[in-house]
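Quick look at input.txt (compact mmCIF, C-alpha atoms):
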# COMPACT_ATOMS: atom_id res chain seq x y z
CA MET V 19 -17.95 11.03 -85.89
CA ASP V 20 -17.08 14.54 -86.93
CA GLU V 21 -14.12 16.47 -85.61
CA ARG V 22 -16.22 18.63 -83.32
CA GLU V 23 -17.70 15.62 -81.50
CA TYR V 24 -14.26 14.06 -81.23
CA ARG V 25 -12.84 17.15 -79.57
CA ARG V 26 -15.83 17.34 -77.22
CA ARG V 27 -15.24 13.78 -76.06
CA ILE V 28 -11.55 14.39 -75.57
CA ARG V 29 -12.39 17.49 -73.48
CA ARG V 30 -14.87 15.48 -71.35
CA ASN V 31 -12.33 12.71 -70.79
CA ARG V 32 -9.70 15.26 -69.77
CA ILE V 33 -12.11 16.91 -67.34
CA ALA V 34 -13.09 13.53 -65.88
CA GLN V 35 -9.43 12.54 -65.42
CA GLU V 36 -8.61 15.88 -63.79
CA GLU V 37 -11.60 15.44 -61.45
CA LYS V 38 -10.43 11.95 -60.51
CA LYS V 39 -6.92 13.29 -59.94
CA ARG V 40 -8.28 16.07 -57.73
CA ILE V 41 -10.34 13.58 -55.71
CA ARG V 42 -7.30 11.32 -55.25
CA GLN V 43 -5.25 14.28 -54.04
CA GLN V 44 -7.98 15.24 -51.57
CA LEU V 45 -8.12 11.67 -50.29
CA ARG V 46 -4.35 11.59 -49.84
CA GLN V 47 -4.44 14.92 -48.01
CA THR V 48 -7.27 13.69 -45.80
CA MET V 49 -5.39 10.49 -44.96
CA VAL V 50 -2.24 12.45 -44.12
CA VAL V 51 -4.22 14.80 -41.86
CA CYS V 52 -5.91 11.84 -40.13
CA ALA V 53 -2.58 10.09 -39.65
CA LEU V 54 -1.02 13.23 -38.16
CA ALA V 55 -4.04 13.69 -35.89
CA CYS V 56 -3.73 10.11 -34.66
CA VAL V 57 -0.02 10.55 -33.98
CA MET V 58 -0.64 13.80 -32.10
CA LEU V 59 -3.44 12.19 -30.08
CA LEU V 60 -1.18 9.28 -29.15
CA VAL V 61 1.63 11.64 -28.15
CA CYS V 62 -0.77 13.69 -26.04
CA CYS V 63 -2.10 10.58 -24.32
CA LEU V 64 1.38 9.31 -23.55
CA TRP V 65 2.49 12.74 -22.37
CA SER V 66 -0.43 13.12 -19.98
CA ALA V 67 -0.18 9.55 -18.73
CA GLU V 68 3.58 9.60 -18.04
CA PRO V 69 3.48 11.71 -14.85
CA THR V 70 0.66 9.59 -13.45
CA TYR V 71 2.59 6.45 -14.23
CA ALA V 72 5.70 7.87 -12.60
CA LYS V 73 3.75 8.93 -9.52
CA THR V 74 2.14 5.52 -9.33
CA ASN V 75 5.52 3.83 -9.51
CA ALA V 76 6.91 6.18 -6.86
CA ALA V 77 3.95 5.49 -4.60
CA THR V 78 4.40 1.79 -5.16
CA ALA V 79 8.07 2.00 -4.31
CA SER V 80 7.60 4.13 -1.20
CA GLY V 81 4.13 3.28 0.05
CA SER V 82 3.28 -0.22 -1.07
CA CYS V 83 5.09 -1.73 1.86
CA ALA V 84 4.33 -0.81 5.42
CA VAL V 85 4.75 -2.16 8.92
CA LEU V 86 1.57 -2.40 10.98
CA MET V 87 3.46 -2.27 14.27
CA ARG V 88 6.99 -1.70 15.44
CA TRP V 89 8.84 -3.46 18.21
CA PRO V 90 8.30 -1.92 21.66
CA LEU V 91 12.04 -2.08 22.36
CA ASN V 92 14.83 -0.63 20.26
CA GLY V 93 16.97 -3.41 18.84
CA ALA V 94 14.44 -5.99 20.01
CA GLN V 95 15.65 -9.57 20.36
CA VAL V 96 13.09 -12.35 20.74
CA VAL V 97 14.05 -14.82 23.48
CA GLY V 98 10.62 -16.43 23.89
CA LYS V 99 8.42 -17.36 20.94
CA TYR V 100 4.65 -17.10 20.69
CA ASP V 101 2.96 -20.43 21.41
CA ALA V 102 -0.74 -19.95 22.08
CA PRO V 103 -2.84 -22.98 23.08
CA LYS V 104 -5.52 -24.39 20.82
CA GLN V 105 -8.13 -23.78 23.51
CA GLN V 106 -8.46 -20.56 25.53
CA TRP V 107 -8.34 -22.33 28.91
CA LEU V 108 -5.20 -24.37 28.17
CA PRO V 109 -1.70 -23.20 29.20
CA GLY V 110 0.55 -21.59 26.60
CA HIS V 111 2.68 -18.58 25.76
CA ARG V 112 0.33 -15.86 24.53
CA GLY V 113 2.94 -13.39 23.37
CA VAL V 114 6.67 -12.95 22.80
CA ASP V 115 9.48 -12.31 25.27
CA LEU V 116 12.00 -9.65 24.31
CA LEU V 117 15.41 -9.41 25.89
CA ALA V 118 15.42 -6.32 28.11
CA GLY V 119 17.26 -4.78 31.02
CA PRO V 120 15.86 -2.93 34.05
CA GLN V 121 14.60 0.60 33.32
CA GLU V 122 14.81 0.06 29.57
CA ALA V 123 12.45 2.34 27.64
CA ILE V 124 9.27 0.87 26.19
CA VAL V 125 7.83 2.61 23.12
CA ALA V 126 4.35 2.28 21.65
CA PRO V 127 4.24 -0.34 18.87
CA ALA V 128 1.36 1.60 17.28
CA ASP V 129 -0.86 4.58 18.01
CA GLY V 130 -3.25 4.08 20.89
CA VAL V 131 -4.43 5.01 24.37
CA ILE V 132 -2.99 3.75 27.66
CA ALA V 133 -5.89 1.65 28.95
CA PHE V 134 -4.44 0.12 32.12
CA SER V 135 -1.48 0.45 34.45
CA GLY V 136 -1.18 -1.59 37.62
CA ASN V 137 -0.52 -4.97 39.20
CA VAL V 138 -2.05 -8.18 37.89
CA GLY V 139 -1.18 -11.30 39.87
CA GLY V 140 1.70 -9.51 41.49
CA LYS V 141 3.18 -8.39 38.16
CA ALA V 142 3.36 -4.81 36.85
CA VAL V 143 1.30 -4.57 33.68
CA VAL V 144 0.60 -1.75 31.21
CA THR V 145 -1.79 -2.01 28.27
CA ILE V 146 -2.37 0.11 25.17
CA ARG V 147 -5.69 0.01 23.29
CA HIS V 148 -5.01 0.61 19.61
CA GLY V 149 -7.18 2.31 17.01
CA GLY V 150 -7.34 2.86 13.27
CA ASP V 151 -6.47 -0.25 11.24
CA LEU V 152 -5.65 -1.99 14.54
CA SER V 153 -8.94 -1.09 16.19
CA GLY V 154 -10.06 -3.74 18.66
CA LEU V 155 -6.53 -4.86 19.50
CA THR V 156 -4.80 -4.26 22.84
CA SER V 157 -1.08 -4.62 23.54
CA THR V 158 -0.06 -5.85 26.98
CA PHE V 159 3.39 -5.40 28.53
CA GLU V 160 4.95 -6.92 31.65
CA PRO V 161 6.83 -6.16 33.75
CA ALA V 162 6.24 -2.51 32.92
CA ILE V 163 5.69 0.75 34.76
CA ALA V 164 3.79 3.46 32.88
CA GLU V 165 5.35 6.90 32.60
CA ARG V 166 2.13 8.37 31.23
CA ASP V 167 -1.32 8.52 32.81
CA VAL V 168 -4.09 6.10 31.96
CA GLY V 169 -6.12 7.63 29.14
CA ALA V 170 -3.10 9.34 27.58
CA HIS V 171 -2.76 9.09 23.82
CA VAL V 172 0.56 7.73 22.58
CA ALA V 173 1.94 7.71 19.06
CA GLN V 174 3.82 4.87 17.42
CA GLY V 175 7.43 4.95 18.60
CA GLU V 176 6.69 7.25 21.56
CA ARG V 177 8.08 6.24 24.95
CA PHE V 178 5.32 5.57 27.46
CA ALA V 179 6.75 3.11 30.01
CA ARG V 180 9.88 1.39 31.29
CA VAL V 181 10.82 -2.20 32.08
CA GLU V 182 10.56 -2.66 35.82
CA GLY V 183 9.42 -5.39 38.19
CA GLU V 184 9.36 -9.16 38.32
CA SER V 185 8.34 -11.49 35.52
CA ASP V 186 7.86 -15.24 35.42
CA HIS V 187 8.71 -15.36 31.72
CA CYS V 188 12.49 -15.12 31.67
CA ASP V 189 13.96 -14.44 35.13
CA GLU V 190 13.55 -10.67 35.07
CA ARG V 191 15.60 -10.29 31.90
CA CYS V 192 12.83 -9.64 29.42
CA LEU V 193 9.69 -7.77 28.47
CA HIS V 194 6.63 -9.85 27.63
CA TRP V 195 4.51 -8.37 24.82
CA GLY V 196 1.11 -9.80 24.03
CA ILE V 197 -1.66 -8.71 21.66
CA LYS V 198 -5.29 -9.64 22.24
CA SER V 199 -8.61 -8.77 20.62
CA GLU V 200 -11.85 -7.69 22.25
CA GLY V 201 -12.87 -11.34 22.33
CA ARG V 202 -9.66 -12.18 24.20
CA GLN V 203 -8.24 -13.95 21.18
CA TYR V 204 -4.46 -13.61 21.15
CA THR V 205 -2.31 -12.79 18.13
CA ASN V 206 1.37 -13.40 17.47
CA PRO V 207 3.04 -9.96 17.76
CA GLU V 208 5.69 -10.99 15.25
CA SER V 209 3.01 -11.23 12.57
CA LYS V 210 2.25 -7.53 13.11
CA THR V 211 5.85 -6.34 12.93
CA ARG V 212 6.72 -7.97 9.62
CA THR V 213 6.68 -5.80 6.52
CA VAL V 214 3.47 -6.33 4.56
CA ARG V 215 2.56 -5.27 1.02
CA ILE V 216 -0.35 -2.90 0.58
CA GLY V 217 -2.12 -2.44 -2.73
CA LEU V 218 -4.56 -3.94 -5.18
CA LYS V 219 -3.97 -7.49 -6.28
CA GLY V 220 -3.29 -7.72 -10.00
CA LEU V 221 -5.87 -9.48 -12.14

Written form, structure tokens:
Amino acid sequence: MDEREYRRRIRRNRIAQEEKKRIRQQLRQTMVVCALACVMLLVCCLWSAEPTYAKTNAATASGSCAVLMRWPLNGAQVVGKYDAPKQQWLPGHRGVDLLAGPQEAIVAPADGVIAFSGNVGGKAVVTIRHGGDLSGLTSTFEPAIAERDVGAHVAQGERFARVEGESDHCDERCLHWGIKSEGRQYTNPESKTRTVRIGLKGL
């Protein structure tokens, strides 16, 4: 091998090494850029998701629990428990008795329309037909005298009647509140006044 060939090979080897070095540098630069892009993408995703997560948590804290109905008397005290019979024709207690005094204000347990006001079996009765999530349910109150006309819309918590008249439930010292469906199936009012959780069940 003459000197000229030797130098040529050395030059080719140097060029090949420099090319490999340049390729390695490009690969390192590309990897750094990709890593930075991934970090920026992750930061952007977390940044955009944080407000939604916070709003979701706030909604969960403030709106996940709700009461379907409220008590028709302020500071309600149950003195007669619900005890419906197994068969419709059997005797039982198809509602709850709440301690009440004469002329005490009765407020709507939920939004609805006054459907009836009058005497039933010698007792003063007022009913409210509910709508929305409680559609098909009717609240009955006795002894009660309506202070609004039949057909009037009442909002939850709005006064619509007063305790007045005789009752065979607790010697004229209470208000009887019952809830029935269109098929005359009765429901325990206490089950509607308890706080219930609203939301999707976790998988």

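Coordinates place atom CA of V:Ser185 at a distance of 24.0 Å from atom CA of V:His148.
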
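Using only C-alpha atoms, the protein and nucleic acid residues lying no more than 8 Å from V:Asp129, apart from those fewer than 4 places from it along its own chain, are His148, Gly149, His171, Val172, Ala173 and Gln174 of chain V.
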
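Those residues positioned at most 8 Å from (3.8, -9.0, 16.5) are Met87, Trp89, Val114, Ile197, Thr205, Asn206, Pro207, Glu208, Ser209, Lys210, Thr211 and Arg212 of chain V, judged using only C-alpha atoms.
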
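Pairwise distance (atom CA of V:Leu193, atom CA of V:Arg112) equals 13.0 Å.
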
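Our summary of the geometry notes that atom CA of V:Gly93 is positioned 28.5 Å from atom CA of V:Arg202.
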
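The shortest atom-to-atom distance to V:Tyr100, with all atoms listed in the file taken into account, belongs to V:Tyr204 out of V:Tyr204, V:Arg40, V:Met49, V:Arg25.
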
Shortest interatomic distance to V:Thr156 - which of V:Gln203, V:Gln47, V:Gln35, V:Gln95, counting all atoms listed in the file: V:Gln203

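Closest approach to V:Phe178 from the set V:Thr145, V:Ser199, V:Thr48, V:Gln43 is made by V:Thr145, with distances taken over all atoms listed in the file.
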
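With all atoms listed in the file as the atoms that count, the minimum distance from V:Ala126 to the choices V:Val143, V:Leu91, V:Val97, V:Ala102 is reached by V:Leu91.
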
Contact residues around V:Trp195 with all atoms listed in the file at 9 Å, ignoring same-chain residues under 6 positions, as number ranges by chain: V: 90, 112-116, 157-160, 207

When you get a chance, write out N, CA, C and O atoms for stretch 130-145 of chain V, as a short mmCIF file (atom, residue, chain, number, x, y, z; two decimals), in the frame of the given file.
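After the write, out.cif holds the following:
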data_model
loop_
_atom_site.label_atom_id
_atom_site.label_comp_id
_atom_site.auth_asym_id
_atom_site.auth_seq_id
_atom_site.Cartn_x
_atom_site.Cartn_y
_atom_site.Cartn_z
N GLY V 130 -2.22 4.61 20.00
CA GLY V 130 -3.25 4.08 20.89
C GLY V 130 -3.41 4.91 22.14
O GLY V 130 -2.91 6.03 22.25
N VAL V 131 -4.14 4.35 23.10
CA VAL V 131 -4.43 5.01 24.37
C VAL V 131 -4.02 4.04 25.49
O VAL V 131 -4.31 2.84 25.43
N ILE V 132 -3.34 4.58 26.50
CA ILE V 132 -2.99 3.75 27.66
C ILE V 132 -4.29 3.40 28.38
O ILE V 132 -4.99 4.27 28.89
N ALA V 133 -4.61 2.10 28.41
CA ALA V 133 -5.89 1.65 28.95
C ALA V 133 -5.78 1.14 30.37
O ALA V 133 -6.77 1.18 31.12
N PHE V 134 -4.59 0.68 30.76
CA PHE V 134 -4.44 0.12 32.12
C PHE V 134 -2.98 0.22 32.55
O PHE V 134 -2.07 0.07 31.74
N SER V 135 -2.81 0.45 33.84
CA SER V 135 -1.48 0.45 34.45
C SER V 135 -1.63 0.03 35.91
O SER V 135 -2.30 0.71 36.69
N GLY V 136 -1.04 -1.11 36.25
CA GLY V 136 -1.18 -1.59 37.62
C GLY V 136 -0.67 -3.00 37.77
O GLY V 136 -0.01 -3.55 36.86
N ASN V 137 -0.97 -3.61 38.90
CA ASN V 137 -0.52 -4.97 39.20
C ASN V 137 -1.60 -5.99 38.84
O ASN V 137 -2.77 -5.81 39.17
N VAL V 138 -1.18 -7.06 38.21
CA VAL V 138 -2.05 -8.18 37.89
C VAL V 138 -1.32 -9.45 38.33
O VAL V 138 -0.29 -9.81 37.75
N GLY V 139 -1.84 -10.09 39.37
CA GLY V 139 -1.18 -11.30 39.87
C GLY V 139 0.20 -11.03 40.39
O GLY V 139 1.08 -11.88 40.26
N GLY V 140 0.39 -9.85 40.95
CA GLY V 140 1.70 -9.51 41.49
C GLY V 140 2.70 -9.03 40.46
O GLY V 140 3.87 -8.79 40.80
N LYS V 141 2.29 -8.85 39.22
CA LYS V 141 3.18 -8.39 38.16
C LYS V 141 2.71 -7.03 37.64
O LYS V 141 1.51 -6.80 37.51
N ALA V 142 3.67 -6.15 37.36
CA ALA V 142 3.36 -4.81 36.85
C ALA V 142 3.00 -4.91 35.38
O ALA V 142 3.80 -5.40 34.57
N VAL V 143 1.81 -4.45 35.05
CA VAL V 143 1.30 -4.57 33.68
C VAL V 143 0.82 -3.21 33.17
O VAL V 143 0.22 -2.43 33.91
N VAL V 144 1.11 -2.94 31.90
CA VAL V 144 0.60 -1.75 31.21
C VAL V 144 -0.01 -2.22 29.90
O VAL V 144 0.56 -3.09 29.22
N THR V 145 -1.15 -1.65 29.54
CA THR V 145 -1.79 -2.01 28.27
C THR V 145 -2.06 -0.77 27.43
O THR V 145 -2.30 0.32 27.97
#
